[in-house]
file work.tsv (TSV, C-alpha atoms)
chain	number	residue	atom	x	y	z
D	4	MET	CA	72.40	121.67	74.46
D	5	ASN	CA	68.65	121.51	75.12
D	6	ASN	CA	67.88	122.88	78.57
D	7	GLN	CA	64.18	122.12	78.39
D	8	TYR	CA	64.50	119.10	80.67
D	9	GLY	CA	66.48	121.03	83.25
D	10	ARG	CA	64.01	123.90	83.30
D	11	LYS	CA	61.12	121.47	83.65
D	12	PHE	CA	62.82	119.70	86.55
D	13	LEU	CA	63.45	122.97	88.37
D	14	ALA	CA	59.86	124.07	87.84
D	15	GLU	CA	58.34	120.77	88.91
D	16	SER	CA	60.54	120.56	92.02
D	17	SER	CA	60.06	124.20	93.05
D	18	TRP	CA	59.29	125.05	96.65
D	19	GLU	CA	55.71	125.89	95.73
D	20	LYS	CA	55.19	122.31	94.56
D	21	GLY	CA	57.01	120.89	97.52
D	22	ARG	CA	55.68	120.68	101.03
D	23	LYS	CA	52.66	118.41	101.45
D	24	THR	CA	52.02	118.42	105.15
D	25	GLU	CA	48.56	116.90	104.71
D	26	GLN	CA	50.16	113.54	104.02
D	27	MET	CA	51.08	111.18	106.82
D	28	ARG	CA	54.51	109.68	107.16
D	29	ARG	CA	54.20	105.97	106.43
D	30	THR	CA	57.73	104.77	105.85
D	31	GLY	CA	60.02	103.52	108.56
D	32	ILE	CA	63.59	104.57	109.17
D	33	GLU	CA	65.06	101.36	107.75
D	34	LEU	CA	63.92	98.60	105.42
D	35	PRO	CA	63.02	95.37	107.21
D	36	VAL	CA	65.28	92.33	107.13
D	37	SER	CA	63.90	89.20	105.49
D	38	ALA	CA	62.98	86.40	107.86
D	39	GLY	CA	65.87	84.02	108.46
D	40	SER	CA	68.52	86.41	107.17
D	41	ARG	CA	71.91	86.27	108.84
D	42	ILE	CA	72.91	89.43	110.70
D	43	ILE	CA	76.62	90.24	110.77
D	44	THR	CA	77.50	92.46	113.69
D	45	LEU	CA	80.07	95.15	112.98
D	46	PRO	CA	82.60	96.54	115.48
D	47	GLU	CA	80.79	99.14	117.58
D	48	PRO	CA	81.53	102.79	116.77
D	49	GLU	CA	82.85	103.45	120.27
D	50	MET	CA	85.43	100.71	119.69
D	51	LEU	CA	86.79	102.38	116.57
D	52	ALA	CA	90.11	104.18	116.65
D	53	ASP	CA	90.06	107.97	116.72
D	54	HIS	CA	91.95	109.52	113.82
D	55	HIS	CA	93.62	112.87	114.42
D	56	VAL	CA	94.03	114.80	111.20
D	57	ASN	CA	95.25	118.13	109.91
D	58	PHE	CA	91.96	119.30	108.44
D	59	LEU	CA	93.37	121.84	105.97
D	60	GLU	CA	95.90	119.31	104.74
D	61	MET	CA	93.18	116.68	104.35
D	62	VAL	CA	91.03	119.04	102.28
D	63	GLU	CA	93.98	120.08	100.13
D	64	LEU	CA	95.09	116.49	99.49
D	65	ARG	CA	91.62	115.16	98.67
D	66	SER	CA	91.61	113.46	95.29
D	67	THR	CA	89.75	110.79	93.36
D	68	VAL	CA	91.52	107.43	93.32
D	69	ARG	CA	90.65	104.81	90.69
D	70	GLN	CA	93.40	102.24	91.30
D	71	TYR	CA	93.90	100.37	94.55
D	72	SER	CA	96.38	98.05	96.18
D	73	LYS	CA	95.69	94.37	96.83
D	74	ASP	CA	95.49	95.04	100.58
D	75	ALA	CA	92.18	94.16	102.19
D	76	LEU	CA	90.08	96.51	104.28
D	77	SER	CA	89.62	95.24	107.81
D	78	LEU	CA	86.11	94.75	109.16
D	79	LYS	CA	86.84	97.51	111.64
D	80	GLU	CA	87.80	99.88	108.82
D	81	LEU	CA	84.58	99.08	106.96
D	82	SER	CA	82.63	99.67	110.15
D	83	TYR	CA	84.37	103.04	110.49
D	84	LEU	CA	83.48	104.09	106.94
D	85	LEU	CA	79.86	103.05	107.42
D	86	TRP	CA	79.65	104.93	110.71
D	87	CYS	CA	81.07	108.08	109.14
D	88	THR	CA	78.66	107.96	106.19
D	89	GLN	CA	75.37	106.73	107.71
D	90	GLY	CA	76.01	106.19	111.41
D	91	VAL	CA	72.95	106.51	113.65
D	92	LYS	CA	73.68	108.62	116.72
D	93	ALA	CA	70.14	108.51	118.11
D	94	VAL	CA	66.59	107.44	117.23
D	95	LYS	CA	63.89	109.93	118.19
D	96	ASN	CA	60.21	110.14	117.22
D	97	ASN	CA	60.59	107.74	114.28
D	98	MET	CA	63.55	109.75	113.02
D	99	THR	CA	67.29	109.22	113.18
D	100	LEU	CA	70.10	111.60	113.98
D	101	ARG	CA	73.09	110.57	111.88
D	102	THR	CA	76.66	111.54	111.15
D	103	VAL	CA	75.57	113.28	107.91
D	104	PRO	CA	72.91	115.93	107.27
D	105	SER	CA	69.67	115.12	105.46
D	106	ALA	CA	66.68	117.25	104.47
D	107	GLY	CA	64.23	117.30	107.34
D	108	GLY	CA	66.17	114.53	109.08
D	109	SER	CA	64.62	112.13	106.54
D	110	HIS	CA	67.69	109.98	105.78
D	111	SER	CA	66.15	108.21	102.82
D	112	PHE	CA	69.24	106.20	101.92
D	113	GLU	CA	69.81	102.47	102.17
D	114	THR	CA	73.49	101.53	101.79
D	115	TYR	CA	74.40	98.47	99.73
D	116	LEU	CA	77.93	97.11	99.58
D	117	LEU	CA	79.66	95.14	96.83
D	118	ILE	CA	82.29	93.34	98.88
D	119	ASN	CA	85.44	92.15	97.11
D	120	ASN	CA	88.27	92.36	99.62
D	121	VAL	CA	87.23	92.85	103.24
D	122	GLU	CA	88.68	90.66	105.98
D	123	GLY	CA	86.10	88.35	107.51
D	124	LEU	CA	83.49	88.81	104.76
D	125	GLU	CA	82.84	86.60	101.78
D	126	PRO	CA	82.63	88.46	98.45
D	127	GLY	CA	79.03	89.32	97.74
D	128	VAL	CA	76.37	91.99	98.14
D	129	TYR	CA	75.36	93.23	101.56
D	130	ARG	CA	73.01	95.84	103.01
D	131	PHE	CA	74.00	98.05	105.92
D	132	LEU	CA	71.55	98.06	108.81
D	133	ALA	CA	72.28	101.52	110.13
D	134	VAL	CA	70.17	101.33	113.29
D	135	GLU	CA	71.75	98.05	114.38
D	136	HIS	CA	75.17	98.94	112.92
D	137	ALA	CA	75.28	95.56	111.23
D	138	LEU	CA	75.23	93.93	107.80
D	139	THR	CA	72.96	91.44	106.14
D	140	GLU	CA	73.86	89.59	102.94
D	141	ILE	CA	71.33	89.86	100.13
D	142	THR	CA	70.76	87.59	97.16
D	143	VAL	CA	71.40	89.55	93.97
D	144	ASN	CA	73.78	89.03	91.05
D	145	LYS	CA	76.94	90.92	92.00
D	146	SER	CA	78.48	90.62	88.52
D	147	VAL	CA	75.41	92.10	86.87
D	148	ILE	CA	75.51	95.10	89.22
D	149	GLU	CA	79.23	95.65	88.59
D	150	GLU	CA	78.63	95.74	84.84
D	151	CYS	CA	76.10	98.55	85.27
D	152	PHE	CA	78.89	101.06	86.01
D	153	SER	CA	80.81	102.76	83.22
D	154	THR	CA	84.02	102.40	85.28
D	155	VAL	CA	83.49	98.68	85.73
D	156	ASN	CA	87.18	97.89	86.30
D	157	THR	CA	87.37	100.36	89.18
D	158	VAL	CA	84.40	98.65	90.81
D	159	LYS	CA	85.81	95.16	90.29
D	160	ASN	CA	89.23	96.13	91.66
D	161	SER	CA	87.90	97.95	94.72
D	162	ALA	CA	87.89	96.44	98.19
D	163	VAL	CA	84.26	97.55	98.51
D	164	THR	CA	81.86	99.61	96.47
D	165	PHE	CA	79.19	101.62	98.27
D	166	ILE	CA	75.83	102.00	96.52
D	167	TRP	CA	73.26	104.40	97.95
D	168	SER	CA	69.61	103.99	97.04
D	169	SER	CA	66.80	106.27	98.14
D	170	VAL	CA	63.49	105.15	99.60
D	171	ILE	CA	61.98	108.33	98.23
D	172	GLU	CA	58.81	108.39	100.34
D	173	ARG	CA	60.91	109.16	103.41
D	174	LEU	CA	61.40	112.56	101.74
D	175	SER	CA	58.36	112.97	99.51
D	176	TRP	CA	55.71	112.42	102.21
D	177	TYR	CA	56.59	115.91	103.40
D	178	TYR	CA	58.48	117.63	100.58
D	179	GLY	CA	56.49	116.38	97.61
D	180	GLU	CA	58.26	116.76	94.25
D	181	ARG	CA	61.03	118.82	95.83
D	182	ALA	CA	62.25	115.60	97.44
D	183	TYR	CA	63.95	114.75	94.15
D	184	ARG	CA	66.23	117.77	94.55
D	185	TYR	CA	67.06	116.97	98.14
D	186	VAL	CA	67.95	113.33	97.59
D	187	PHE	CA	70.84	114.22	95.27
D	188	LEU	CA	72.06	116.95	97.63
D	189	ASP	CA	72.00	114.42	100.48
D	190	ALA	CA	74.03	111.98	98.37
D	191	GLY	CA	76.77	114.58	98.06
D	192	HIS	CA	76.94	114.99	101.83
D	193	VAL	CA	77.34	111.24	102.27
D	194	CYS	CA	80.03	110.79	99.62
D	195	GLN	CA	82.05	113.72	100.95
D	196	ASN	CA	82.09	112.06	104.38
D	197	LEU	CA	83.29	108.87	102.70
D	198	TYR	CA	86.13	110.78	101.02
D	199	ALA	CA	87.24	112.33	104.31
D	200	SER	CA	86.99	109.20	106.44
D	201	ALA	CA	88.70	106.99	103.84
D	202	GLN	CA	91.62	109.38	103.70
D	203	THR	CA	92.27	108.88	107.41
D	204	ILE	CA	92.75	105.13	106.93
D	205	SER	CA	94.96	105.38	103.82
D	206	ALA	CA	92.17	104.44	101.45
D	207	GLY	CA	91.06	106.07	98.22
D	208	VAL	CA	87.60	106.81	96.84
D	209	CYS	CA	86.17	107.08	93.33
D	210	PRO	CA	82.59	108.40	93.15
D	211	LEU	CA	80.33	106.59	90.70
D	212	GLY	CA	77.65	108.64	89.03
D	213	ALA	CA	77.71	107.00	85.60
D	214	PHE	CA	75.66	103.82	85.65
D	215	ASP	CA	72.77	102.25	83.76
D	216	ASP	CA	69.81	103.24	85.91
D	217	ARG	CA	67.38	100.76	84.43
D	218	LYS	CA	69.71	97.78	84.69
D	219	ILE	CA	71.00	98.48	88.18
D	220	ASN	CA	67.56	99.06	89.65
D	221	ALA	CA	66.33	95.89	87.95
D	222	ALA	CA	69.30	93.94	89.33
D	223	PHE	CA	68.35	95.02	92.85
D	224	LYS	CA	64.67	94.30	92.06
D	225	PHE	CA	63.70	97.85	93.04
D	226	ASP	CA	60.32	99.33	92.21
D	227	VAL	CA	61.67	102.67	91.03
D	228	ALA	CA	58.52	104.48	92.10
D	229	GLN	CA	59.55	103.62	95.65
D	230	GLN	CA	63.31	103.02	95.66
D	231	PHE	CA	66.12	103.74	93.19
D	232	VAL	CA	69.91	103.95	93.06
D	233	VAL	CA	71.22	107.50	93.41
D	234	TYR	CA	75.02	107.28	93.70
D	235	GLY	CA	77.94	104.98	94.33
D	236	ALA	CA	81.59	105.05	95.32
D	237	ALA	CA	84.44	102.56	95.01
D	238	VAL	CA	86.89	102.29	97.91
D	239	GLY	CA	90.25	100.58	98.21
D	240	LYS	CA	93.51	100.79	100.11
D	241	LEU	CA	96.23	102.99	98.65
call {"tool": "encode", "arguments": {"input": "work.tsv", "output": "C-alpha cells"}}
result
Amino acid sequence: MNNQYGRKFLAESSWEKGRKTEQMRRTGIELPVSAGSRIITLPEPEMLADHHVNFLEMVELRSTVRQYSKDALSLKELSYLLWCTQGVKAVKNNMTLRTVPSAGGSHSFETYLLINNVEGLEPGVYRFLAVEHALTEITVNKSVIEECFSTVNTVKNSAVTFIWSSVIERLSWYYGERAYRYVFLDAGHVCQNLYASAQTISAGVCPLGAFDDRKINAAFKFDVAQQFVVYGAAVGKL
C-alpha cells in the first residue's frame, strides 16, 4: 500500500497550514431557497415525543442494518431524526448552536434526503432547512443519485437516505486546509447521532461511505470547489 497520498494529506492539512484569520467569513449558515420553492413545515422539535433509553444497552446493541421492513417512517419520526442530527438550538452572531458538535461552530453541512417511504411526502429529493426546521423539494434525478452508491439496493429499499454535503468555506475561511480534516470528523458526529436516535424509534441505519464522488456531485450540480458530498446513511424501520 502506497502511503504517499496519506502523508501528503496530513502535511497539507497540518495545524501550521490551517488557521487563516485574515480572511473574512463570507458564507451564510444555510444555503438560500430558490424563489417560488415550496416549503414543507416539519413537526416542531418541542412537539416530538421524548424517548427514554438505557444508554449502555443502546450502545451495546448498536449495529448496522442493511435490510428494512415495508413500514413507512412518519413525518414526525423524520423530523425527530433531522432534529437529532442537525437541529438548530439557537442562532447567534451568524453562527448556529446545534444538536451535534462542529469545528468552530461552523456547521458546514447541508442535509439532502432521498425520500422513498415517509408518510405525507412524495418520493423525491429534498433539502433540510435546519434554521426553519422544514424541507424543500429540489429538482435532481433521484435514480441517478441512488446509482452512485455501491450499496444501491440498500438505498433503494430504505425509507429515507440522508446525504450530507459540505459547504467547505464555512470551515476553510478560518481553518484553511485543515478544514478538510474537520469536515470528515464532523460527519462522524452527525452519523453517530443518527444511529442513536434511529434506534429509539425502532429504525436501523447503514452508513454510506462508498459512492462515486464525481457522479454524485455532478447529479446534485455541485461546484466541488465550494460544495461536495461527504457521507450518507440509509434509514428504515426494523
call {"tool": "residues_near_point", "arguments": {"input": "work.tsv", "point": "(61.3, 114.7, 110.9)", "cutoff": "9 Å", "atoms": "only C-alpha atoms", "output": "MDAnalysis selection string"}}
result
chainID D and resid 96:99 106:109 177
call {"tool": "residues_around", "arguments": {"input": "work.tsv", "residues": "Leu78 in chain D", "least_positions_apart": "5", "cutoff": "7 Å", "atoms": "all atoms listed in the file", "output": "number ranges by chain"}}
result
D: 121-123
call {"tool": "residues_around", "arguments": {"input": "work.tsv", "residues": "Tyr183 in chain D", "least_positions_apart": "6", "cutoff": "10 Å", "atoms": "all atoms listed in the file", "output": "JSON, numbers by chain"}}
result
{"D": [12, 15, 16, 21, 169, 171, 174, 175]}
call {"tool": "closest_residue", "arguments": {"input": "work.tsv", "among": "D:Lys159, D:Arg173, D:Lys145, D:Ser105", "to": "Lys73 in chain D", "atoms": "all atoms listed in the file"}}
result
D:Lys159
call {"tool": "residues_near_point", "arguments": {"input": "work.tsv", "point": "(86.3, 95.3, 92.6)", "cutoff": "9 Å", "atoms": "all atoms listed in the file", "output": "number ranges by chain"}}
result
D: 117-120, 149, 155-164, 237-239
call {"tool": "atom_distance", "arguments": {"input": "work.tsv", "atom1": "CA of Val91 in chain D", "atom2": "CA of Val193 in chain D"}}
result
13.1 Å
call {"tool": "atom_distance", "arguments": {"input": "work.tsv", "atom1": "CA of Ala52 in chain D", "atom2": "CA of Ala199 in chain D"}}
result
15.1 Å
call {"tool": "closest_residue", "arguments": {"input": "work.tsv", "among": "D:Thr139, D:Gln89, D:Ser168, D:Ser153", "to": "Tyr234 in chain D", "atoms": "only C-alpha atoms"}}
result
D:Ser168
call {"tool": "residues_around", "arguments": {"input": "work.tsv", "residues": "Val68 in chain D", "least_positions_apart": "5", "cutoff": "7 Å", "atoms": "all atoms listed in the file", "output": "list of chain:residue names"}}
result
D:Gly207, D:Val208, D:Cys209
call {"tool": "write_last_selection", "arguments": {"input": "work.tsv", "atoms": "C-alpha atoms", "output": "compact mmCIF listing (two decimals), in the coordinates of the input"}}
result
# COMPACT_ATOMS: atom_id res chain seq x y z
CA GLY D 207 91.06 106.07 98.22
CA VAL D 208 87.60 106.81 96.84
CA CYS D 209 86.17 107.08 93.33
call {"tool": "residues_around", "arguments": {"input": "work.tsv", "residues": "range 31-48 of chain D", "least_positions_apart": "6", "cutoff": "10 Å", "atoms": "only C-alpha atoms", "output": "MDAnalysis selection string"}}
result
chainID D and resid 78:83 85:87 90:92 94 97:99 109:113 124 129:141 170 172:173
call {"tool": "atom_distance", "arguments": {"input": "work.tsv", "atom1": "CA of Arg101 in chain D", "atom2": "CA of Tyr185 in chain D"}}
result
16.3 Å
call {"tool": "decode", "arguments": {"input": "work.tsv", "residues": "range 198-220 of chain D", "atoms": "N, CA, C and O atoms", "output": "mmCIF file, in the first residue's frame"}}
result
data_model
loop_
_atom_site.group_PDB
_atom_site.id
_atom_site.type_symbol
_atom_site.label_atom_id
_atom_site.label_comp_id
_atom_site.auth_asym_id
_atom_site.auth_seq_id
_atom_site.Cartn_x
_atom_site.Cartn_y
_atom_site.Cartn_z
ATOM 1 N N TYR D 198 -27.526 7.177 14.225
ATOM 2 C CA TYR D 198 -27.587 5.810 14.756
ATOM 3 C C TYR D 198 -28.385 5.767 16.062
ATOM 4 O O TYR D 198 -29.307 4.961 16.243
ATOM 5 N N ALA D 199 -27.998 6.645 16.992
ATOM 6 C CA ALA D 199 -28.611 6.615 18.322
ATOM 7 C C ALA D 199 -30.084 6.975 18.277
ATOM 8 O O ALA D 199 -30.924 6.304 18.888
ATOM 9 N N SER D 200 -30.422 8.033 17.547
ATOM 10 C CA SER D 200 -31.819 8.475 17.505
ATOM 11 C C SER D 200 -32.689 7.474 16.754
ATOM 12 O O SER D 200 -33.838 7.213 17.142
ATOM 13 N N ALA D 201 -32.176 6.879 15.683
ATOM 14 C CA ALA D 201 -32.957 5.890 14.934
ATOM 15 C C ALA D 201 -33.279 4.686 15.798
ATOM 16 O O ALA D 201 -34.383 4.124 15.725
ATOM 17 N N GLN D 202 -32.342 4.304 16.639
ATOM 18 C CA GLN D 202 -32.550 3.137 17.485
ATOM 19 C C GLN D 202 -33.726 3.333 18.439
ATOM 20 O O GLN D 202 -34.434 2.387 18.772
ATOM 21 N N THR D 203 -33.956 4.568 18.853
ATOM 22 C CA THR D 203 -35.051 4.834 19.795
ATOM 23 C C THR D 203 -36.425 4.796 19.143
ATOM 24 O O THR D 203 -37.437 4.791 19.840
ATOM 25 N N ILE D 204 -36.481 4.764 17.806
ATOM 26 C CA ILE D 204 -37.771 4.680 17.118
ATOM 27 C C ILE D 204 -37.864 3.385 16.307
ATOM 28 O O ILE D 204 -38.618 3.302 15.333
ATOM 29 N N SER D 205 -37.093 2.377 16.710
ATOM 30 C CA SER D 205 -37.108 1.066 16.051
ATOM 31 C C SER D 205 -36.795 1.162 14.567
ATOM 32 O O SER D 205 -37.459 0.560 13.712
ATOM 33 N N ALA D 206 -35.773 1.938 14.275
ATOM 34 C CA ALA D 206 -35.289 2.055 12.897
ATOM 35 C C ALA D 206 -33.817 1.681 12.867
ATOM 36 O O ALA D 206 -33.111 1.766 13.872
ATOM 37 N N GLY D 207 -33.362 1.245 11.691
ATOM 38 C CA GLY D 207 -31.976 0.866 11.510
ATOM 39 C C GLY D 207 -31.264 1.809 10.571
ATOM 40 O O GLY D 207 -31.892 2.482 9.742
ATOM 41 N N VAL D 208 -29.931 1.835 10.671
ATOM 42 C CA VAL D 208 -29.108 2.743 9.885
ATOM 43 C C VAL D 208 -27.977 1.968 9.222
ATOM 44 O O VAL D 208 -27.370 1.084 9.831
ATOM 45 N N CYS D 209 -27.678 2.323 7.977
ATOM 46 C CA CYS D 209 -26.494 1.823 7.288
ATOM 47 C C CYS D 209 -25.720 3.021 6.753
ATOM 48 O O CYS D 209 -26.211 3.727 5.858
ATOM 49 N N PRO D 210 -24.523 3.293 7.298
ATOM 50 C CA PRO D 210 -23.739 4.424 6.789
ATOM 51 C C PRO D 210 -23.248 4.142 5.378
ATOM 52 O O PRO D 210 -23.000 2.980 5.014
ATOM 53 N N LEU D 211 -23.108 5.197 4.587
ATOM 54 C CA LEU D 211 -22.764 5.057 3.179
ATOM 55 C C LEU D 211 -21.534 5.912 2.866
ATOM 56 O O LEU D 211 -21.639 7.124 2.648
ATOM 57 N N GLY D 212 -20.388 5.258 2.851
ATOM 58 C CA GLY D 212 -19.169 5.976 2.529
ATOM 59 C C GLY D 212 -18.620 5.643 1.156
ATOM 60 O O GLY D 212 -17.724 6.321 0.663
ATOM 61 N N ALA D 213 -19.176 4.597 0.532
ATOM 62 C CA ALA D 213 -18.688 4.158 -0.782
ATOM 63 C C ALA D 213 -19.641 4.651 -1.863
ATOM 64 O O ALA D 213 -20.739 4.116 -2.042
ATOM 65 N N PHE D 214 -19.224 5.700 -2.549
ATOM 66 C CA PHE D 214 -20.050 6.262 -3.621
ATOM 67 C C PHE D 214 -19.118 6.907 -4.647
ATOM 68 O O PHE D 214 -17.958 7.225 -4.365
ATOM 69 N N ASP D 215 -19.638 7.084 -5.842
ATOM 70 C CA ASP D 215 -18.875 7.707 -6.924
ATOM 71 C C ASP D 215 -18.923 9.221 -6.725
ATOM 72 O O ASP D 215 -19.934 9.858 -7.008
ATOM 73 N N ASP D 216 -17.831 9.774 -6.232
ATOM 74 C CA ASP D 216 -17.800 11.202 -5.905
ATOM 75 C C ASP D 216 -18.137 12.072 -7.114
ATOM 76 O O ASP D 216 -18.947 13.011 -7.004
ATOM 77 N N ARG D 217 -17.514 11.781 -8.219
ATOM 78 C CA ARG D 217 -17.713 12.626 -9.395
ATOM 79 C C ARG D 217 -19.168 12.606 -9.847
ATOM 80 O O ARG D 217 -19.760 13.660 -10.102
ATOM 81 N N LYS D 218 -19.754 11.416 -9.916
ATOM 82 C CA LYS D 218 -21.123 11.310 -10.415
ATOM 83 C C LYS D 218 -22.144 11.910 -9.457
ATOM 84 O O LYS D 218 -23.089 12.582 -9.877
ATOM 85 N N ILE D 219 -21.950 11.700 -8.150
ATOM 86 C CA ILE D 219 -22.949 12.196 -7.222
ATOM 87 C C ILE D 219 -22.897 13.719 -7.110
ATOM 88 O O ILE D 219 -23.938 14.386 -7.047
ATOM 89 N N ASN D 220 -21.707 14.279 -7.141
ATOM 90 C CA ASN D 220 -21.611 15.737 -7.105
ATOM 91 C C ASN D 220 -22.163 16.360 -8.384
ATOM 92 O O ASN D 220 -22.794 17.414 -8.354
#
